[in-house]
Amino acid sequence: MKLWSQFFIPTLKESPADAEIASHKLLVRAGLVRKLAGGLYTYMPLGLRVIHKLTQMCREELDSAGAIELWMPHVHPVELWQQGPRWAAAREIMFRADSAGDGKRGGREPEWVLGPTHEEIITPLVKAEITSYRDLPKNFYQIATKFRNEIRPRYGLMRAREFIMMDAYSFDATDEGATKSYHAMKRAYEAFFRRIGAQSIAVEADTGVMGGSFSHEFMVPAEVGDDDVIYCEESGYAANREKATSAIVPANWTDAAPGAAVEEFATPGVVTIAALEAAPYSVPGDRQFKTLVFVGDSKLFLVILRGSDELEEAKLGSLGFTVFRPATPEEIEPVMGAKPGSLGAVRGTIKDAPALAGVFADHAIRLVGEGTTGANRDGFHLRNVNVTRDLAITKFGDFRRVRPGEPDVQSGKPLQVRRGIEVGHIFKLGTKYSEKFGAQYTDDQKQTQLMVMGCYGIGISRTMQAIIEQRHDADGIVWPWNSAPFQVLICVLDPQVPEAMALARQLGAAAESAGADVLIDDRAERPGVKFKDADLIGIPLRLTIGGKGLKEGIFELKWRTQKDIAKVPVAEGEARVVAEVNSARQAAAV
RNA sequence: CGGGGUGUAGCUUAGCCUGGUAGAGCGCCUGGUUUGGGACCAGGAGGUCGCAGGUUCGAAUCCUGUCGCCCCGACCA
């Protein structure tokens, strides 16, 4: 039981000027956080209580899924990162940590970095400690601070330079075992997000720089989120836009039979899909082939899309290049024989075809059947280009960005899109890190094998803000029971009246005995101030004790989520409060 | 890193265009009246106008540089 007057909850009437979105404003107004600098926040006492609630529930769910908690350093020797598989990609967002001294200690400082995540630390540790299949599988986790020098921190805790994250790492003897561990974690995540009272959905996701074979993101639906989720209510399909696919090419689709011969025609100055759509050419975008040139591991490769489609660059990750980027016009011309805008992949028209690492075509170009594309000769295009007859395609794949309204693969119903905040991510990593760091074990046949890894993250501090974004109204935060900093707020309107405070303590003790955390507002403030603050900080259950009610022998009971106020006779007070707390706890239990 | 914006008291801000005593509301302190949805009255404290340089008799205001912050983009484990 805490007394407000002896705690510290600095609430604000006005929103800070630098906050843009509701949850960020409320975090500050309700006294949960204060900013030190961009992306760096102090967790104030009330905010820290929420963090503790979330970490405790996270810990419990992971423990019951068999994960084991440990704690790793956050200052890392840079050598470990240089040894790892993603130094080149990760170093840009990593903070360097060296001495702030004036150099008088002499010699060069060793290089240290602050940990953005811990694959590079846990894998060598497990390599050193585990050598037998008998010690596998193992899943280690920690709940700790992470450091990422984000290019653009924003929206308060949503994207911060320093944040609190649960990160877990599983090590299995076999690929099947790793898949099992992955699904166990997925279930633990689902239990966690249900329990904290956040509506979240697991969506298929791209593995990005992490690498690995498959991945799910956990998204809290919110307009201010950074990610687009493509989903189908009918089938339950949900995927990040980077990963999403649709049934735009029907399963029974037959490719167009070759028709008229390929014919070159002059298109002076036409270098865009749109220009070719316009008169006098009037070739619709979905009758054109779009040819994009990339550099993958220092060789050029082509990507062919429908003219009306957009490339989803993340999907090129499936091609297996370690790094890739769009090619420059200077790189393109010597190989293709033309500048961008007149490019195509018709057999025999590419100047130096052997120089290409491949021609990768999106499935949807089959819908074009026979269409128009660049002639690899500046100012000319080719028509009557048949997909099967004329294009020099190495491999078909899924490279286009899905659009809402396209049919879902399973149900055929139109796909929908909504924004979401990514609060968790799970990856089946495979052996990418165990190979690099030599994390091996001996199996029961005396054979040396690589461990198969998974890694898992939950942004705890971001989750706190995501809950607020999802659960607030015009007056303030509306905390779910389990995540609330306190579950019960007792507003004592006349704290100078001894009977009022005595009743507050009595009801508070009853609520505590039933398992609630209790805050008593004993400040010498006017009632209006107390009610406004109560709504702002959003404690689920409010008990109001006033001098007038006390004379009638009643106090008031109100839920933050409801408008109506119940008058409860003091004599029945303890029993009623216990009953309310119990039913709330049951409703919030998973 | 590119584009846009912004920096004035603990917070929200006016003043800047057109240079001439730095103003308000909230909050804070003292006293009084109030007391069920952010009270009222009186008095008071708090600002080298982000920082540095320049122009000028004179700069919060104009110019240059610099730093911080916010938004959009790029990026994003």
# chains A, B, ... in the order shown; residues from 1 in each chain; ligands from 1
$ interface_residues --of "chain B" --to "chain A" --cutoff "9 Å" --atoms "only C-alpha atoms (C1' of nucleotides)" --output "VMD selection string"
chain B and resid 11 to 12 26 35 to 39 68 to 71 75 to 77
$ residues_around --residues "A:Glu313" --least-positions-apart "4" --cutoff "8 Å" --atoms "only C-alpha atoms (C1' of nucleotides)" --output "list in words"
Glu242, Gly317 and Phe399 of chain A
$ write_last_selection --atoms "C-alpha atoms" --output "tab-separated table (two decimals), in the first residue's frame"
chain	number	residue	atom	x	y	z
A	242	GLU	CA	7.66	-7.46	-46.38
A	317	GLY	CA	16.79	-11.79	-49.31
A	399	PHE	CA	9.27	-10.51	-55.24
$ select_by_dssp --residues "stretch 366-589 of chain A" --states "alpha helix (DSSP H)" --output "count of residues only"
70
$ atom_distance --atom1 "atom CA of A:Glu61" --atom2 "atom CA of A:Tyr141"
11.8 Å
$ closest_atom_pairs --of "stretch 324-441 of chain A" --to "stretch 279-289 of chain A" --cutoff "8 Å" --atoms "only C-alpha atoms" --output "JSON lines"
{"residue": "A:Gly344", "atom": "CA", "partner": "A:Phe289", "partner_atom": "CA", "distance": 7.6}
{"residue": "A:Ile365", "atom": "CA", "partner": "A:Phe289", "partner_atom": "CA", "distance": 7.0}
{"residue": "A:Val368", "atom": "CA", "partner": "A:Arg287", "partner_atom": "CA", "distance": 5.3}
{"residue": "A:Glu370", "atom": "CA", "partner": "A:Arg287", "partner_atom": "CA", "distance": 7.3}
{"residue": "A:Gly371", "atom": "CA", "partner": "A:Arg287", "partner_atom": "CA", "distance": 4.9}
{"residue": "A:Thr372", "atom": "CA", "partner": "A:Gln288", "partner_atom": "CA", "distance": 4.7}
{"residue": "A:Thr373", "atom": "CA", "partner": "A:Phe289", "partner_atom": "CA", "distance": 5.1}
$ write_last_selection --atoms "C-alpha atoms" --output "PDB file, in the first residue's frame"
ATOM      1  CA  GLY A 344      14.519  -5.915 -70.721  1.00  0.00           C
ATOM      2  CA  ILE A 365       4.537 -11.702 -64.772  1.00  0.00           C
ATOM      3  CA  VAL A 368       1.056 -10.506 -68.446  1.00  0.00           C
ATOM      4  CA  GLU A 370       2.529 -11.464 -73.731  1.00  0.00           C
ATOM      5  CA  GLY A 371       3.593  -7.882 -73.230  1.00  0.00           C
ATOM      6  CA  THR A 372       6.001  -5.042 -73.740  1.00  0.00           C
ATOM      7  CA  THR A 373       9.471  -4.537 -72.325  1.00  0.00           C
TER       8      THR A 373
END
$ residues_around --residues "B:A52" --least-positions-apart "4" --cutoff "12 Å" --atoms "only C-alpha atoms (C1' of nucleotides)" --output "ChimeraX atom specification"
/B:64-67
$ write_last_selection --atoms "C-alpha atoms (C1' of nucleotides)" --output "short mmCIF file (atom, residue, chain, number, x, y, z; two decimals), in the first residue's frame"
data_model
loop_
_atom_site.label_atom_id
_atom_site.label_comp_id
_atom_site.auth_asym_id
_atom_site.auth_seq_id
_atom_site.Cartn_x
_atom_site.Cartn_y
_atom_site.Cartn_z
"C1'" U B 64 26.55 33.54 -40.32
"C1'" G B 65 27.99 29.30 -37.86
"C1'" U B 66 27.03 25.60 -34.30
"C1'" C B 67 24.27 22.43 -30.96
#
$ residues_around --residues "A:Glu499" --least-positions-apart "6" --cutoff "10 Å" --atoms "only C-alpha atoms (C1' of nucleotides)" --output "PDB file with C-alpha atoms, in the first residue's frame"
ATOM      1  CA  ARG A 505      -6.406   1.753   5.003  1.00  0.00           C
ATOM      2  CA  ILE A 545     -14.123   8.056   0.217  1.00  0.00           C
ATOM      3  CA  GLY A 547     -16.847  13.160   4.075  1.00  0.00           C
ATOM      4  CA  LEU A 550     -19.110   8.719   5.100  1.00  0.00           C
TER       5      LEU A 550
END
$ select_by_dssp --residues "stretch 115-280 of chain A" --states "strand (DSSP E or B)" --output "ChimeraX atom specification"
/A:132,138-147,154,159,162-172,201-204,214-221,227-231,238-240,263-266
$ closest_residue --among "A:Tyr231, A:Tyr456, A:Phe301, A:Tyr169" --to "A:Glu120" --atoms "only C-alpha atoms"
A:Tyr169
$ residues_around --residues "B:C49" --least-positions-apart "3" --cutoff "8 Å" --atoms "only C-alpha atoms (C1' of nucleotides)" --output "PyMOL selection string"
chain B and resi 8+22+60
$ write_last_selection --atoms "N, CA and C atoms (P, O5', C5', C4', C3', O3' and C1' of nucleotides)" --output "CSV table (one decimal), in the first residue's frame"
chain,number,residue,atom,x,y,z
B,8,U,P,12.5,27.3,-25.6
B,8,U,O5',12.6,28.9,-25.4
B,8,U,C5',13.7,29.5,-25.0
B,8,U,C4',13.4,30.9,-24.4
B,8,U,C3',12.4,30.8,-23.3
B,8,U,O3',13.0,30.5,-22.0
B,8,U,C1',11.9,32.5,-24.8
B,22,A,P,14.0,44.4,-21.0
B,22,A,O5',12.7,43.5,-20.9
B,22,A,C5',11.7,43.7,-22.0
B,22,A,C4',10.8,42.5,-22.0
B,22,A,C3',10.2,42.1,-20.7
B,22,A,O3',9.2,42.9,-20.3
B,22,A,C1',10.8,40.2,-22.1
B,60,A,P,18.4,41.0,-27.1
B,60,A,O5',17.5,39.7,-27.2
B,60,A,C5',18.1,38.5,-27.4
B,60,A,C4',17.1,37.6,-28.1
B,60,A,C3',16.8,37.9,-29.5
B,60,A,O3',17.7,37.3,-30.4
B,60,A,C1',14.8,37.6,-28.3
$ atom_distance --atom1 "atom CA of A:Arg96" --atom2 "atom CA of A:Glu69"
26.6 Å
$ closest_residue --among "A:Arg403, A:Arg383, A:Lys351, A:Arg194" --to "A:Leu276" --atoms "only C-alpha atoms"
A:Arg383
$ residues_around --residues "A:Thr561" --least-positions-apart "2" --cutoff "9 Å" --atoms "only C-alpha atoms (C1' of nucleotides)" --output "list of chain:residue names"
A:Val478, A:Pro540, A:Leu541, A:Lys558, A:Trp559, A:Lys563
$ residues_around --residues "A:Val75" --least-positions-apart "3" --cutoff "7 Å" --atoms "only C-alpha atoms (C1' of nucleotides)" --output "list in words"
Trp112, Val113, Leu114 and Gly115 of chain A
$ atom_distance --atom1 "atom CA of A:Phe140" --atom2 "atom CA of A:Pro77"
20.6 Å
